[in-house]
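S.K.: I have a structure I would like to understand better, so I am pasting it below and will then ask my questions one at a time.
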Amino acid sequence: MFYKDELIGAASFSKGRKMNRLQSGSQSFELIRFCCKSGITVTGGLSKLMSHFCEEKKAGDIMTYIDKQFSNGDSFIKAGFIKHSETPPLFFLVNKKTFERISLKDENEIFDKKLFYKVQNLGNIKMILVPKLK
């Protein structure tokens, strides 16, 4: 999104994928990231980008994940997304020197406390937008 030739918002998407939930020939895309310039809020900006993308790519749907630590997904619901499912909180280790993140199979897994921090997220919300046909 541009305002007076200045980039103020952007979205990135995955390549299209065939999904069993869609009609034959339709593809699903993942919204990987949506952001606006620091200090800028564009009312309806997400909706406008989604509409343009869906029209350009003939998307069957768009899905995205919301990190529950940062959002409850309300802005995505306002943009037309619906909640599909939620993932439970996950535990992982963070290397104290490199900050590399390593998934834990079990929250009780033994690890070296001198080398790693053990952290937990709140899980994710999977959201899906089915574009309105024009």
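FYI, nothing fancy with the structure tokens labels: chains A, B, ... in order, residues from 1 per chain, ligands from 1 as they appear.
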List the spatial neighbours of range 101-104 of chain A as a CSV table (one decimal) with N, CA and C atoms, in the first residue's frame - criterion: any atom at most 9 Å away, only C-alpha atoms, same-chain residues fewer than 4 positions off excluded.

M.R.:
chain,number,residue,atom,x,y,z
A,90,LEU,N,2.9,-24.4,22.9
A,90,LEU,CA,4.1,-25.3,22.6
A,90,LEU,C,5.3,-24.8,23.5
A,91,PHE,N,6.1,-25.8,23.9
A,91,PHE,CA,7.3,-25.6,24.6
A,91,PHE,C,8.5,-25.7,23.7
A,92,PHE,N,9.5,-24.9,23.8
A,92,PHE,CA,10.7,-25.0,23.1
A,92,PHE,C,11.8,-24.4,23.8
A,93,LEU,N,13.0,-24.7,23.4
A,93,LEU,CA,14.3,-24.2,24.0
A,93,LEU,C,14.8,-23.1,23.1
A,94,VAL,N,15.5,-22.1,23.8
A,94,VAL,CA,16.2,-21.1,23.1
A,94,VAL,C,17.6,-21.1,23.6
A,95,ASN,N,18.5,-21.2,22.6
A,95,ASN,CA,20.0,-21.2,22.9
A,95,ASN,C,20.3,-19.9,23.5
A,108,ASN,N,8.4,-32.0,29.5
A,108,ASN,CA,9.2,-32.5,30.6
A,108,ASN,C,10.6,-33.0,30.1
A,109,GLU,N,10.9,-32.8,28.9
A,109,GLU,CA,12.1,-33.2,28.3
A,109,GLU,C,13.3,-32.6,29.1

S.K.: Can you tell me, as a ChimeraX atom specification, which residues in range 101-133 of chain A count as strand (DSSP E) by DSSP?

M.R.: /A:101-103,116-120,124-129

S.K.: Given the selection you just returned, output its residues as a file containing N, CA and C atoms, formatted as a PDB file, in the first residue's frame.

M.R.:
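Saved result, result_4.pdb, follows:
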ATOM      1  N   ARG A 101      15.990 -21.395  18.151  1.00  0.00           N
ATOM      2  CA  ARG A 101      14.841 -22.012  18.804  1.00  0.00           C
ATOM      3  C   ARG A 101      14.743 -23.480  18.407  1.00  0.00           C
ATOM      4  N   ILE A 102      14.540 -24.348  19.390  1.00  0.00           N
ATOM      5  CA  ILE A 102      14.451 -25.789  19.163  1.00  0.00           C
ATOM      6  C   ILE A 102      13.148 -26.283  19.787  1.00  0.00           C
ATOM      7  N   SER A 103      12.324 -26.962  19.002  1.00  0.00           N
ATOM      8  CA  SER A 103      11.057 -27.487  19.512  1.00  0.00           C
ATOM      9  C   SER A 103      11.295 -28.633  20.479  1.00  0.00           C
ATOM     10  N   PHE A 116      20.436 -23.394  27.615  1.00  0.00           N
ATOM     11  CA  PHE A 116      19.131 -23.070  27.036  1.00  0.00           C
ATOM     12  C   PHE A 116      18.172 -22.450  28.042  1.00  0.00           C
ATOM     13  N   TYR A 117      17.288 -21.603  27.518  1.00  0.00           N
ATOM     14  CA  TYR A 117      16.100 -21.160  28.231  1.00  0.00           C
ATOM     15  C   TYR A 117      14.946 -22.039  27.755  1.00  0.00           C
ATOM     16  N   LYS A 118      14.037 -22.378  28.636  1.00  0.00           N
ATOM     17  CA  LYS A 118      12.825 -23.097  28.237  1.00  0.00           C
ATOM     18  C   LYS A 118      11.695 -22.070  28.197  1.00  0.00           C
ATOM     19  N   VAL A 119      11.008 -21.996  27.067  1.00  0.00           N
ATOM     20  CA  VAL A 119       9.923 -21.028  26.914  1.00  0.00           C
ATOM     21  C   VAL A 119       8.677 -21.725  26.378  1.00  0.00           C
ATOM     22  N   GLN A 120       7.564 -21.053  26.549  1.00  0.00           N
ATOM     23  CA  GLN A 120       6.290 -21.585  26.086  1.00  0.00           C
ATOM     24  C   GLN A 120       5.545 -20.459  25.379  1.00  0.00           C
ATOM     25  N   ASN A 124      -1.509 -20.903  18.535  1.00  0.00           N
ATOM     26  CA  ASN A 124      -1.899 -20.111  17.367  1.00  0.00           C
ATOM     27  C   ASN A 124      -3.363 -20.328  17.040  1.00  0.00           C
ATOM     28  N   ILE A 125      -3.906 -19.370  16.307  1.00  0.00           N
ATOM     29  CA  ILE A 125      -5.256 -19.475  15.762  1.00  0.00           C
ATOM     30  C   ILE A 125      -5.113 -19.562  14.249  1.00  0.00           C
ATOM     31  N   LYS A 126      -5.689 -20.584  13.635  1.00  0.00           N
ATOM     32  CA  LYS A 126      -5.697 -20.689  12.178  1.00  0.00           C
ATOM     33  C   LYS A 126      -6.949 -19.992  11.672  1.00  0.00           C
ATOM     34  N   MET A 127      -6.758 -19.047  10.767  1.00  0.00           N
ATOM     35  CA  MET A 127      -7.857 -18.260  10.216  1.00  0.00           C
ATOM     36  C   MET A 127      -7.932 -18.496   8.711  1.00  0.00           C
ATOM     37  N   ILE A 128      -9.145 -18.487   8.167  1.00  0.00           N
ATOM     38  CA  ILE A 128      -9.337 -18.664   6.720  1.00  0.00           C
ATOM     39  C   ILE A 128     -10.268 -17.588   6.197  1.00  0.00           C
ATOM     40  N   LEU A 129      -9.889 -17.020   5.065  1.00  0.00           N
ATOM     41  CA  LEU A 129     -10.705 -16.051   4.348  1.00  0.00           C
ATOM     42  C   LEU A 129     -11.155 -16.683   3.041  1.00  0.00           C
TER      43      LEU A 129
END

S.K.: Rank A:Cys54, A:Leu122, A:Met63, A:Met19 by their smallest atom-to-atom distance to Pro89 in chain A, using only C-alpha atoms, and report the top residue only.

M.R.: A:Leu122

S.K.: Excluding Glu30 in chain A and any residue of its chain fewer than 6 positions from it, enumerate the residues within 7 Å of it, using only C-alpha atoms, and give them as a list in words.

M.R.: Phe13, Ser14, Ile62, Met63 and Thr64 of chain A

S.K.: Could you write out the selected residues, including N, CA and C atoms, as a PDB file, in the first residue's frame?

M.R.:
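Output file again31.pdb is given in full below:
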ATOM      1  N   PHE A  13       2.770 -13.447   0.720  1.00  0.00           N
ATOM      2  CA  PHE A  13       1.953 -14.644   0.579  1.00  0.00           C
ATOM      3  C   PHE A  13       2.792 -15.821   0.096  1.00  0.00           C
ATOM      4  N   SER A  14       2.311 -17.023   0.411  1.00  0.00           N
ATOM      5  CA  SER A  14       2.933 -18.242  -0.106  1.00  0.00           C
ATOM      6  C   SER A  14       2.499 -18.439  -1.552  1.00  0.00           C
ATOM      7  N   ILE A  62      -7.629 -17.865   1.488  1.00  0.00           N
ATOM      8  CA  ILE A  62      -6.357 -17.445   2.082  1.00  0.00           C
ATOM      9  C   ILE A  62      -6.407 -17.858   3.543  1.00  0.00           C
ATOM     10  N   MET A  63      -5.338 -18.474   4.003  1.00  0.00           N
ATOM     11  CA  MET A  63      -5.272 -18.850   5.414  1.00  0.00           C
ATOM     12  C   MET A  63      -4.070 -18.158   6.045  1.00  0.00           C
ATOM     13  N   THR A  64      -4.151 -18.007   7.360  1.00  0.00           N
ATOM     14  CA  THR A  64      -3.039 -17.418   8.092  1.00  0.00           C
ATOM     15  C   THR A  64      -3.088 -17.920   9.529  1.00  0.00           C
TER      16      THR A  64
END

S.K.: Extract, using only C-alpha atoms, all DNA, RNA and protein residues at most 12 Å from range 33-48 of chain A, discarding same-chain residues fewer than 2 positions from it, and format them as a count of residues only.

M.R.: 36

S.K.: Quick check, in Å to one decimal: how far apart do CA of Ala59 in chain A and CA of Ile82 in chain A lie?

M.R.: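 Result for CA of Ala59 in chain A versus CA of Ile82 in chain A: 16.0 Å, one decimal.
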
S.K.: Would you mind telling me which residue in A:Lys4, A:Gln27, A:Asn121, A:Asn20 lies nearest to Gln69 in chain A when using only C-alpha atoms?

M.R.: A:Asn121

S.K.: List every residue of chain A that DSSP, applied to the backbone of this structure, places in alpha helix (DSSP H), and write the result as a ChimeraX atom specification.

M.R.: /A:45-57,74-78

S.K.: Store the residues of this selection in a file with C-alpha atoms, as a short mmCIF file (atom, residue, chain, number, x, y, z; two decimals), in the first residue's frame.

M.R.:
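Resulting contents of part_37.cif:
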data_model
loop_
_atom_site.label_atom_id
_atom_site.label_comp_id
_atom_site.auth_asym_id
_atom_site.auth_seq_id
_atom_site.Cartn_x
_atom_site.Cartn_y
_atom_site.Cartn_z
CA GLY A 45 -5.85 -1.77 4.77
CA LEU A 46 -5.79 -5.53 5.37
CA SER A 47 -9.18 -5.93 3.65
CA LYS A 48 -8.05 -3.91 0.65
CA LEU A 49 -4.84 -5.95 0.24
CA MET A 50 -6.77 -9.24 0.61
CA SER A 51 -9.37 -8.19 -1.99
CA HIS A 52 -6.70 -7.15 -4.47
CA PHE A 53 -4.67 -10.32 -3.97
CA CYS A 54 -7.72 -12.62 -4.24
CA GLU A 55 -8.82 -10.94 -7.44
CA GLU A 56 -5.35 -10.98 -9.00
CA LYS A 57 -4.56 -14.62 -8.09
CA ASP A 74 -10.23 -9.55 15.93
CA SER A 75 -8.73 -7.43 13.14
CA PHE A 76 -8.65 -10.49 10.87
CA ILE A 77 -12.28 -11.30 11.70
CA LYS A 78 -13.20 -7.70 10.76
#

S.K.: Hey, which of A:Leu115, A:Gly123, A:Lys58, A:Ser28 ends up closest to Thr87 in chain A? Count only C-alpha atoms.

M.R.: A:Gly123
